[in-house]
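Q: Here you go, structure_7.csv (CSV, C-alpha atoms):
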```csv
chain,number,residue,atom,x,y,z
P,1,MET,CA,0.0,0.0,0.0
P,2,ILE,CA,2.9,2.4,0.7
P,3,LEU,CA,4.2,2.0,-2.8
P,4,ILE,CA,0.8,2.7,-4.5
P,5,PRO,CA,1.2,6.5,-4.6
P,6,TYR,CA,4.7,6.3,-6.0
P,7,LEU,CA,3.6,3.7,-8.6
P,8,LEU,CA,0.6,5.9,-9.6
P,9,ILE,CA,2.8,9.0,-10.0
P,10,LEU,CA,5.1,7.0,-12.4
P,11,ILE,CA,2.1,5.6,-14.3
P,12,ALA,CA,0.6,9.1,-14.5
P,13,TYR,CA,3.7,10.6,-16.0
P,14,LEU,CA,4.0,7.7,-18.5
P,15,LEU,CA,0.4,7.9,-19.4
P,16,GLY,CA,0.6,11.7,-19.8
P,17,SER,CA,3.6,11.1,-22.1
P,18,ILE,CA,1.4,9.4,-24.7
P,19,SER,CA,1.0,12.3,-27.2
P,20,SER,CA,-2.4,11.7,-28.7
P,21,ALA,CA,-2.0,14.7,-31.0
P,22,VAL,CA,1.1,13.2,-32.7
P,23,ILE,CA,-0.5,9.7,-32.9
P,24,PHE,CA,-3.8,10.9,-34.3
P,25,CYS,CA,-2.2,13.1,-36.8
P,26,LYS,CA,0.1,10.2,-37.9
P,27,LEU,CA,-2.9,7.9,-38.3
P,28,ALA,CA,-4.8,10.5,-40.3
P,29,GLY,CA,-1.8,11.2,-42.5
P,30,LEU,CA,-1.4,14.7,-41.3
P,31,ALA,CA,1.8,16.7,-40.5
P,32,ASP,CA,3.4,16.4,-37.0
P,33,PRO,CA,1.6,19.1,-35.0
P,34,ARG,CA,4.9,19.9,-33.3
P,35,GLU,CA,6.3,21.1,-36.7
P,36,VAL,CA,3.4,23.1,-38.1
P,37,GLY,CA,0.8,25.6,-37.0
P,38,SER,CA,1.5,26.7,-33.4
P,39,HIS,CA,4.0,23.8,-33.0
P,40,ASN,CA,1.9,22.6,-30.1
P,41,ALA,CA,0.8,19.0,-29.7
P,42,GLY,CA,-2.7,19.7,-28.6
P,43,ALA,CA,-6.3,19.6,-29.8
P,44,THR,CA,-6.4,23.3,-30.8
P,45,ASN,CA,-3.4,22.9,-33.1
P,46,VAL,CA,-4.8,19.7,-34.5
P,47,LEU,CA,-8.1,21.4,-35.3
P,48,ARG,CA,-6.1,24.1,-37.1
P,49,ILE,CA,-4.2,21.6,-39.3
P,50,GLY,CA,-6.4,18.5,-39.5
P,51,GLY,CA,-10.1,19.1,-38.9
P,52,LYS,CA,-12.7,18.5,-36.3
P,53,SER,CA,-12.7,14.7,-36.0
P,54,ALA,CA,-8.9,14.4,-35.3
P,55,ALA,CA,-9.1,17.3,-32.9
P,56,LEU,CA,-12.1,15.8,-31.0
P,57,GLY,CA,-10.2,12.5,-30.7
P,58,VAL,CA,-7.2,14.3,-29.2
P,59,LEU,CA,-9.3,16.3,-26.8
P,60,LEU,CA,-11.2,13.3,-25.5
P,61,PHE,CA,-8.0,11.2,-25.2
P,62,ASP,CA,-6.1,14.0,-23.3
P,63,ILE,CA,-9.0,14.5,-20.9
P,64,LEU,CA,-9.2,10.8,-20.2
P,65,LYS,CA,-5.5,10.3,-19.6
P,66,GLY,CA,-5.7,13.1,-17.1
P,67,THR,CA,-8.7,11.6,-15.3
P,68,LEU,CA,-7.7,8.0,-15.2
P,69,PRO,CA,-4.6,8.0,-12.8
P,70,VAL,CA,-6.2,10.5,-10.4
P,71,ALA,CA,-9.5,8.6,-10.3
P,72,ILE,CA,-7.5,5.4,-9.5
P,73,GLY,CA,-5.8,7.3,-6.7
P,74,VAL,CA,-9.2,8.4,-5.4
P,75,SER,CA,-10.4,4.8,-5.4
P,76,PHE,CA,-7.4,3.9,-3.2
P,77,ASN,CA,-8.3,6.8,-0.8
P,78,LEU,CA,-4.9,8.4,-1.2
P,79,SER,CA,-4.2,11.7,0.6
P,80,PRO,CA,-5.0,15.0,-1.1
P,81,SER,CA,-1.3,15.7,-1.4
P,82,ALA,CA,-0.7,12.4,-3.2
P,83,LEU,CA,-3.6,13.0,-5.5
P,84,GLY,CA,-2.3,16.4,-6.3
P,85,VAL,CA,1.2,15.1,-7.2
P,86,ILE,CA,-0.4,12.5,-9.4
P,87,ALA,CA,-2.4,15.2,-11.2
P,88,LEU,CA,0.8,17.2,-11.6
P,89,ALA,CA,2.7,14.2,-12.9
P,90,VAL,CA,0.2,13.4,-15.7
P,91,CYS,CA,0.3,17.1,-16.8
P,92,LEU,CA,4.1,17.1,-16.7
P,93,GLY,CA,4.0,14.0,-18.9
P,94,HIS,CA,1.8,15.7,-21.4
P,95,ILE,CA,3.9,18.8,-21.5
P,96,PHE,CA,7.3,17.0,-21.4
P,97,PRO,CA,6.6,13.5,-22.9
P,98,ILE,CA,9.4,11.1,-22.5
P,99,PHE,CA,8.2,9.1,-25.6
P,100,PHE,CA,8.2,12.2,-27.9
P,101,GLN,CA,11.5,14.0,-27.2
P,102,PHE,CA,9.9,16.0,-24.4
P,103,LYS,CA,8.0,18.1,-26.9
P,104,GLY,CA,4.4,18.0,-25.9
P,105,GLY,CA,1.3,20.2,-25.5
P,106,LYS,CA,0.2,22.8,-23.1
P,107,GLY,CA,-1.7,20.6,-20.8
P,108,VAL,CA,-5.1,22.3,-20.6
P,109,ALA,CA,-7.2,19.2,-21.6
P,110,THR,CA,-5.1,16.9,-19.4
P,111,ALA,CA,-5.4,19.2,-16.4
P,112,LEU,CA,-9.1,19.5,-17.0
P,113,GLY,CA,-9.3,15.7,-16.8
P,114,ALA,CA,-7.2,15.5,-13.7
P,115,ILE,CA,-9.2,18.1,-11.9
P,116,SER,CA,-12.5,16.4,-12.9
P,117,ALA,CA,-11.5,13.4,-10.9
P,118,LEU,CA,-11.1,15.7,-7.8
P,119,SER,CA,-14.3,17.8,-8.2
P,120,PHE,CA,-17.0,17.9,-10.9
P,121,VAL,CA,-18.2,21.3,-9.5
P,122,VAL,CA,-14.8,22.9,-10.0
P,123,VAL,CA,-14.3,21.4,-13.5
P,124,GLY,CA,-17.8,22.7,-14.4
P,125,GLY,CA,-16.8,26.2,-13.3
P,126,ALA,CA,-13.5,25.9,-15.3
P,127,ILE,CA,-15.4,24.9,-18.5
P,128,GLY,CA,-17.9,27.7,-17.9
P,129,THR,CA,-15.1,30.3,-17.4
P,130,TRP,CA,-13.3,29.1,-20.5
P,131,LEU,CA,-16.4,29.3,-22.6
P,132,LEU,CA,-17.3,32.7,-21.3
P,133,VAL,CA,-13.9,34.2,-22.0
P,134,PHE,CA,-13.7,32.6,-25.4
P,135,LEU,CA,-17.2,33.7,-26.5
P,136,ILE,CA,-16.3,37.3,-25.5
P,137,SER,CA,-12.7,37.4,-26.8
P,138,GLY,CA,-12.3,34.7,-29.4
P,139,TYR,CA,-8.9,33.9,-28.0
P,140,SER,CA,-8.4,30.2,-27.0
P,141,SER,CA,-5.1,31.1,-25.2
P,142,LEU,CA,-6.6,34.0,-23.2
P,143,SER,CA,-9.4,31.7,-22.2
P,144,ALA,CA,-7.0,29.0,-21.0
P,145,VAL,CA,-4.8,31.5,-19.1
P,146,LEU,CA,-7.7,33.3,-17.3
P,147,THR,CA,-9.3,30.0,-16.4
P,148,ALA,CA,-6.0,28.7,-15.0
P,149,LEU,CA,-5.8,31.9,-12.9
P,150,ILE,CA,-9.3,31.5,-11.5
P,151,VAL,CA,-9.5,27.7,-10.9
P,152,PRO,CA,-7.4,27.8,-7.7
P,153,PHE,CA,-10.1,30.1,-6.2
P,154,TYR,CA,-12.8,27.6,-7.3
P,155,ILE,CA,-10.9,24.7,-5.7
P,156,TRP,CA,-10.2,26.7,-2.6
P,157,TRP,CA,-13.9,27.4,-2.2
P,158,PHE,CA,-15.2,23.9,-2.9
P,159,GLU,CA,-12.4,21.5,-2.2
P,160,PRO,CA,-9.8,23.4,-0.1
P,161,GLN,CA,-7.7,20.3,0.6
P,162,PHE,CA,-6.6,20.3,-3.1
P,163,THR,CA,-5.8,24.0,-3.3
P,164,PHE,CA,-2.0,23.8,-3.3
P,165,PRO,CA,-1.5,21.0,-5.9
P,166,VAL,CA,-4.2,22.4,-8.2
P,167,ALA,CA,-2.6,25.8,-7.9
P,168,LEU,CA,0.7,24.2,-9.0
P,169,VAL,CA,-0.9,22.6,-12.0
P,170,CYS,CA,-2.5,26.0,-12.9
P,171,CYS,CA,0.9,27.8,-12.6
P,172,LEU,CA,2.3,25.2,-15.0
P,173,LEU,CA,-0.5,25.9,-17.5
P,174,VAL,CA,0.2,29.7,-17.3
P,175,TYR,CA,3.9,29.1,-17.8
P,176,ARG,CA,3.2,27.0,-20.9
P,177,HIS,CA,1.3,29.9,-22.4
P,178,HIS,CA,4.0,32.4,-21.9
P,179,ASP,CA,4.5,32.8,-25.7
P,180,ASN,CA,0.7,33.4,-26.1
P,181,ILE,CA,0.7,35.9,-23.3
P,182,GLN,CA,3.5,37.9,-25.0
P,183,ARG,CA,1.6,37.8,-28.4
P,184,LEU,CA,-1.6,38.9,-26.6
P,185,TRP,CA,0.3,41.8,-25.0
P,186,ARG,CA,1.7,42.9,-28.4
P,187,GLY,CA,-1.7,42.4,-30.1
P,188,GLN,CA,-0.2,39.7,-32.4
P,189,GLU,CA,-2.3,36.7,-31.2
P,190,ASP,CA,-4.9,35.4,-33.7
P,191,LYS,CA,-8.4,34.7,-32.7
P,192,MET,CA,-9.5,31.1,-33.2
P,193,TRP,CA,-11.9,31.8,-36.1
P,194,ASP,CA,-9.2,33.9,-37.8
P,195,LYS,CA,-6.8,30.9,-37.6
P,196,LEU,CA,-9.4,28.6,-39.1
P,197,LYS,CA,-10.1,31.2,-41.9
P,198,LYS,CA,-6.4,31.2,-42.7
P,199,LYS,CA,-6.3,27.4,-42.8
P,200,ASN,CA,-9.3,27.3,-45.2
P,201,ALA,CA,-8.1,30.2,-47.4
```
Could you render the structure as structure tokens?

A:
Amino acid sequence: MILIPYLLILIAYLLGSISSAVIFCKLAGLADPREVGSHNAGATNVLRIGGKSAALGVLLFDILKGTLPVAIGVSFNLSPSALGVIALAVCLGHIFPIFFQFKGGKGVATALGAISALSFVVVGGAIGTWLLVFLISGYSSLSAVLTALIVPFYIWWFEPQFTFPVALVCCLLVYRHHDNIQRLWRGQEDKMWDKLKKKNA
């Protein structure tokens, strides 16, 4: 029983390291998402280069791989700190995948899946926040950053025992969006529908 948390942390990282964006694009005969578009191995970039079906598959897979190890930890009644480290490990795997030269995605969908295993209320608030910001601004990156900044307050309110580890995950997400933040600041970031128009032009 003592080894279970450590084993799940390792499994979480390895599971997170399975880059669904690269795999789905290869199966669909598309370019490596790390080499085209935003060079990000995530659902948004796959949508930009490959279409809706591939992007949906990536999104669902990334959410599931975030949920699975944390949910297993919950089933073993692991401590909040252990669950938090498992959630952080699966996100680190997604962002720095050992199987794909440590070049992964930004971790938003995977973090969403991990948090969903901790609190459905918080993940519902996160999705609502993302959608609200996106509908107002049109920027996927801005939606992700603002949601990551707000989610620690949601978790503190509803599941305070997970505040610290979830805050760490959210800090990691903000860090992974540093290039987007710079482009937003300079007014150089494209809105999602502008990116899709360019792809279809």

Q: Which neighbours of Leu184 (chain P) fall inside 10 Å, counting only C-alpha atoms, when residues of the same chain fewer than 4 positions from it are skipped, and could you give them as a PyMOL selection string?

A: chain P and resi 139+141-142+178-180+188-190

Q: Write the residues of the selection above to a file with C-alpha atoms, as a PDB file, in the coordinates of the input.

A:
```pdb
ATOM      1  CA  TYR P 139      -8.900  33.900 -28.000  1.00  0.00           C
ATOM      2  CA  SER P 141      -5.100  31.100 -25.200  1.00  0.00           C
ATOM      3  CA  LEU P 142      -6.600  34.000 -23.200  1.00  0.00           C
ATOM      4  CA  HIS P 178       4.000  32.400 -21.900  1.00  0.00           C
ATOM      5  CA  ASP P 179       4.500  32.800 -25.700  1.00  0.00           C
ATOM      6  CA  ASN P 180       0.700  33.400 -26.100  1.00  0.00           C
ATOM      7  CA  GLN P 188      -0.200  39.700 -32.400  1.00  0.00           C
ATOM      8  CA  GLU P 189      -2.300  36.700 -31.200  1.00  0.00           C
ATOM      9  CA  ASP P 190      -4.900  35.400 -33.700  1.00  0.00           C
TER      10      ASP P 190
END
```

Q: So that I can see what lies close to Cys171 (chain P), please list as a PyMOL selection string the residues with an atom at most 12 Å from it, counting all atoms listed in the file and leaving out residues fewer than 2 positions away in the same chain.

A: chain P and resi 88+91-92+106-108+111+144-152+164-169+173-178

Q: Selected residues, C-alpha atoms, written as a short mmCIF file (atom, residue, chain, number, x, y, z; two decimals), in the frame of the given file, please.

A:
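Result file out-v5.cif:
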```cif
data_model
loop_
_atom_site.label_atom_id
_atom_site.label_comp_id
_atom_site.auth_asym_id
_atom_site.auth_seq_id
_atom_site.Cartn_x
_atom_site.Cartn_y
_atom_site.Cartn_z
CA LEU P 88 0.80 17.20 -11.60
CA CYS P 91 0.30 17.10 -16.80
CA LEU P 92 4.10 17.10 -16.70
CA LYS P 106 0.20 22.80 -23.10
CA GLY P 107 -1.70 20.60 -20.80
CA VAL P 108 -5.10 22.30 -20.60
CA ALA P 111 -5.40 19.20 -16.40
CA ALA P 144 -7.00 29.00 -21.00
CA VAL P 145 -4.80 31.50 -19.10
CA LEU P 146 -7.70 33.30 -17.30
CA THR P 147 -9.30 30.00 -16.40
CA ALA P 148 -6.00 28.70 -15.00
CA LEU P 149 -5.80 31.90 -12.90
CA ILE P 150 -9.30 31.50 -11.50
CA VAL P 151 -9.50 27.70 -10.90
CA PRO P 152 -7.40 27.80 -7.70
CA PHE P 164 -2.00 23.80 -3.30
CA PRO P 165 -1.50 21.00 -5.90
CA VAL P 166 -4.20 22.40 -8.20
CA ALA P 167 -2.60 25.80 -7.90
CA LEU P 168 0.70 24.20 -9.00
CA VAL P 169 -0.90 22.60 -12.00
CA LEU P 173 -0.50 25.90 -17.50
CA VAL P 174 0.20 29.70 -17.30
CA TYR P 175 3.90 29.10 -17.80
CA ARG P 176 3.20 27.00 -20.90
CA HIS P 177 1.30 29.90 -22.40
CA HIS P 178 4.00 32.40 -21.90
#
```

Q: Considering all atoms listed in the file, return as a list of chain:residue names whatever protein or nucleic-acid residues lie within 12 Å of region 119-121 of chain P, sequence-local ones (same chain, fewer than 6 positions apart) excluded.

A: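 Neighbouring residues, sequence-local ones excluded: P:Thr67, P:Val70, P:Ala71, P:Val74, P:Leu112, P:Gly113, P:Ile127, P:Gly128, P:Val151, P:Tyr154, P:Ile155, P:Trp156, P:Trp157, P:Phe158, P:Glu159, P:Pro160, P:Gln161, P:Phe162, P:Thr163, P:Val166.
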
Q: Between P:Gly105, P:Leu14, P:Leu83, P:Leu64, which residue has the minimum interatomic distance to Ser38 (chain P), considering all atoms listed in the file?

A: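 So, comparing all the options, the nearest one is P:Gly105.
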
Q: Measuring between all atoms listed in the file, which one of P:Ser53, P:Ser143, P:Asn45, P:Ser75 shows the shortest distance to Leu8 (chain P)?

A: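 That would be P:Ser75, the residue with the smallest distance to Leu8 (chain P).
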
Q: Report, in Å with one decimal, the straight-line distance from CA of Ala82 (chain P) to CA of Phe96 (chain P).

A: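 Separation between CA of Ala82 (chain P) and CA of Phe96 (chain P): 20.4 Å.
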
Q: Please provide the set of residues having any atom within 7 Å of Ala43 (chain P), restricted to all atoms listed in the file, with same-chain residues fewer than 3 positions apart removed, written as a PyMOL selection string.

A: chain P and resi 21+46-47+55+58-59

Q: Can you work out which one of P:Ile11, P:Ile95, P:Leu30, P:Ile86 has the shortest atom-to-atom distance to Gly42 (chain P), counting all atoms listed in the file?

A: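 Distance minimum relative to Gly42 (chain P) lands on P:Ile95.
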
Q: Please determine the residues with any atom at most 10 Å from (-1.2, 2.3, -8.7) (coordinates as given in the file, with all atoms listed in the file counting) and report them as a PyMOL selection string.

A: chain P and resi 1+3-12+69-70+72-73+76

Q: Please indicate the distance in Å from CA of Leu78 (chain P) to CA of Ala109 (chain P), rounded to one decimal place.

A: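 Interatomic distance, CA of Leu78 (chain P) to CA of Ala109 (chain P): 23.2 Å.
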
Q: To one decimal place in Å, what is the distance between CA of Thr44 (chain P) and CA of Ile98 (chain P)?

A: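 Interatomic distance, CA of Thr44 (chain P) to CA of Ile98 (chain P): 21.6 Å.
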
Q: Please return region 93-110 of chain P, rebuilt to N, CA and C atoms, as a JSON list (two decimals), in the frame of the given file.

A:
```
[["chain", "number", "residue", "atom", "x", "y", "z"],
["P", 93, "GLY", "N", 3.81, 14.93, -17.80],
["P", 93, "GLY", "CA", 4.00, 14.00, -18.90],
["P", 93, "GLY", "C", 3.49, 14.47, -20.19],
["P", 94, "HIS", "N", 2.33, 15.11, -20.15],
["P", 94, "HIS", "CA", 1.80, 15.70, -21.40],
["P", 94, "HIS", "C", 2.63, 16.77, -21.96],
["P", 95, "ILE", "N", 3.13, 17.63, -21.09],
["P", 95, "ILE", "CA", 3.90, 18.80, -21.50],
["P", 95, "ILE", "C", 5.33, 18.39, -21.93],
["P", 96, "PHE", "N", 5.91, 17.45, -21.16],
["P", 96, "PHE", "CA", 7.30, 17.00, -21.40],
["P", 96, "PHE", "C", 7.28, 15.47, -21.59],
["P", 97, "PRO", "N", 6.73, 14.96, -22.71],
["P", 97, "PRO", "CA", 6.60, 13.50, -22.90],
["P", 97, "PRO", "C", 7.89, 12.80, -23.17],
["P", 98, "ILE", "N", 8.19, 11.81, -22.36],
["P", 98, "ILE", "CA", 9.40, 11.10, -22.50],
["P", 98, "ILE", "C", 9.46, 10.29, -23.84],
["P", 99, "PHE", "N", 8.28, 9.93, -24.36],
["P", 99, "PHE", "CA", 8.20, 9.10, -25.60],
["P", 99, "PHE", "C", 8.31, 10.01, -26.86],
["P", 100, "PHE", "N", 8.24, 11.32, -26.72],
["P", 100, "PHE", "CA", 8.20, 12.20, -27.90],
["P", 100, "PHE", "C", 9.19, 13.37, -27.72],
["P", 101, "GLN", "N", 10.41, 13.03, -27.33],
["P", 101, "GLN", "CA", 11.50, 14.00, -27.20],
["P", 101, "GLN", "C", 11.16, 15.20, -26.32],
["P", 102, "PHE", "N", 10.30, 14.97, -25.35],
["P", 102, "PHE", "CA", 9.90, 16.00, -24.40],
["P", 102, "PHE", "C", 9.28, 17.21, -24.99],
["P", 103, "LYS", "N", 8.69, 17.04, -26.18],
["P", 103, "LYS", "CA", 8.00, 18.10, -26.90],
["P", 103, "LYS", "C", 6.52, 17.81, -26.91],
["P", 104, "GLY", "N", 5.77, 18.33, -25.95],
["P", 104, "GLY", "CA", 4.40, 18.00, -25.90],
["P", 104, "GLY", "C", 3.45, 19.22, -25.98],
["P", 105, "GLY", "N", 2.25, 19.09, -25.44],
["P", 105, "GLY", "CA", 1.30, 20.20, -25.50],
["P", 105, "GLY", "C", 1.32, 21.08, -24.33],
["P", 106, "LYS", "N", 0.27, 21.85, -24.17],
["P", 106, "LYS", "CA", 0.20, 22.80, -23.10],
["P", 106, "LYS", "C", -0.51, 22.36, -21.86],
["P", 107, "GLY", "N", -1.17, 21.23, -21.96],
["P", 107, "GLY", "CA", -1.70, 20.60, -20.80],
["P", 107, "GLY", "C", -3.09, 20.97, -20.33],
["P", 108, "VAL", "N", -3.79, 21.78, -21.10],
["P", 108, "VAL", "CA", -5.10, 22.30, -20.60],
["P", 108, "VAL", "C", -6.11, 21.13, -20.53],
["P", 109, "ALA", "N", -6.25, 20.33, -21.58],
["P", 109, "ALA", "CA", -7.20, 19.20, -21.60],
["P", 109, "ALA", "C", -6.87, 18.19, -20.51],
["P", 110, "THR", "N", -5.57, 17.89, -20.40],
["P", 110, "THR", "CA", -5.10, 16.90, -19.40],
["P", 110, "THR", "C", -5.37, 17.38, -18.00]]
```
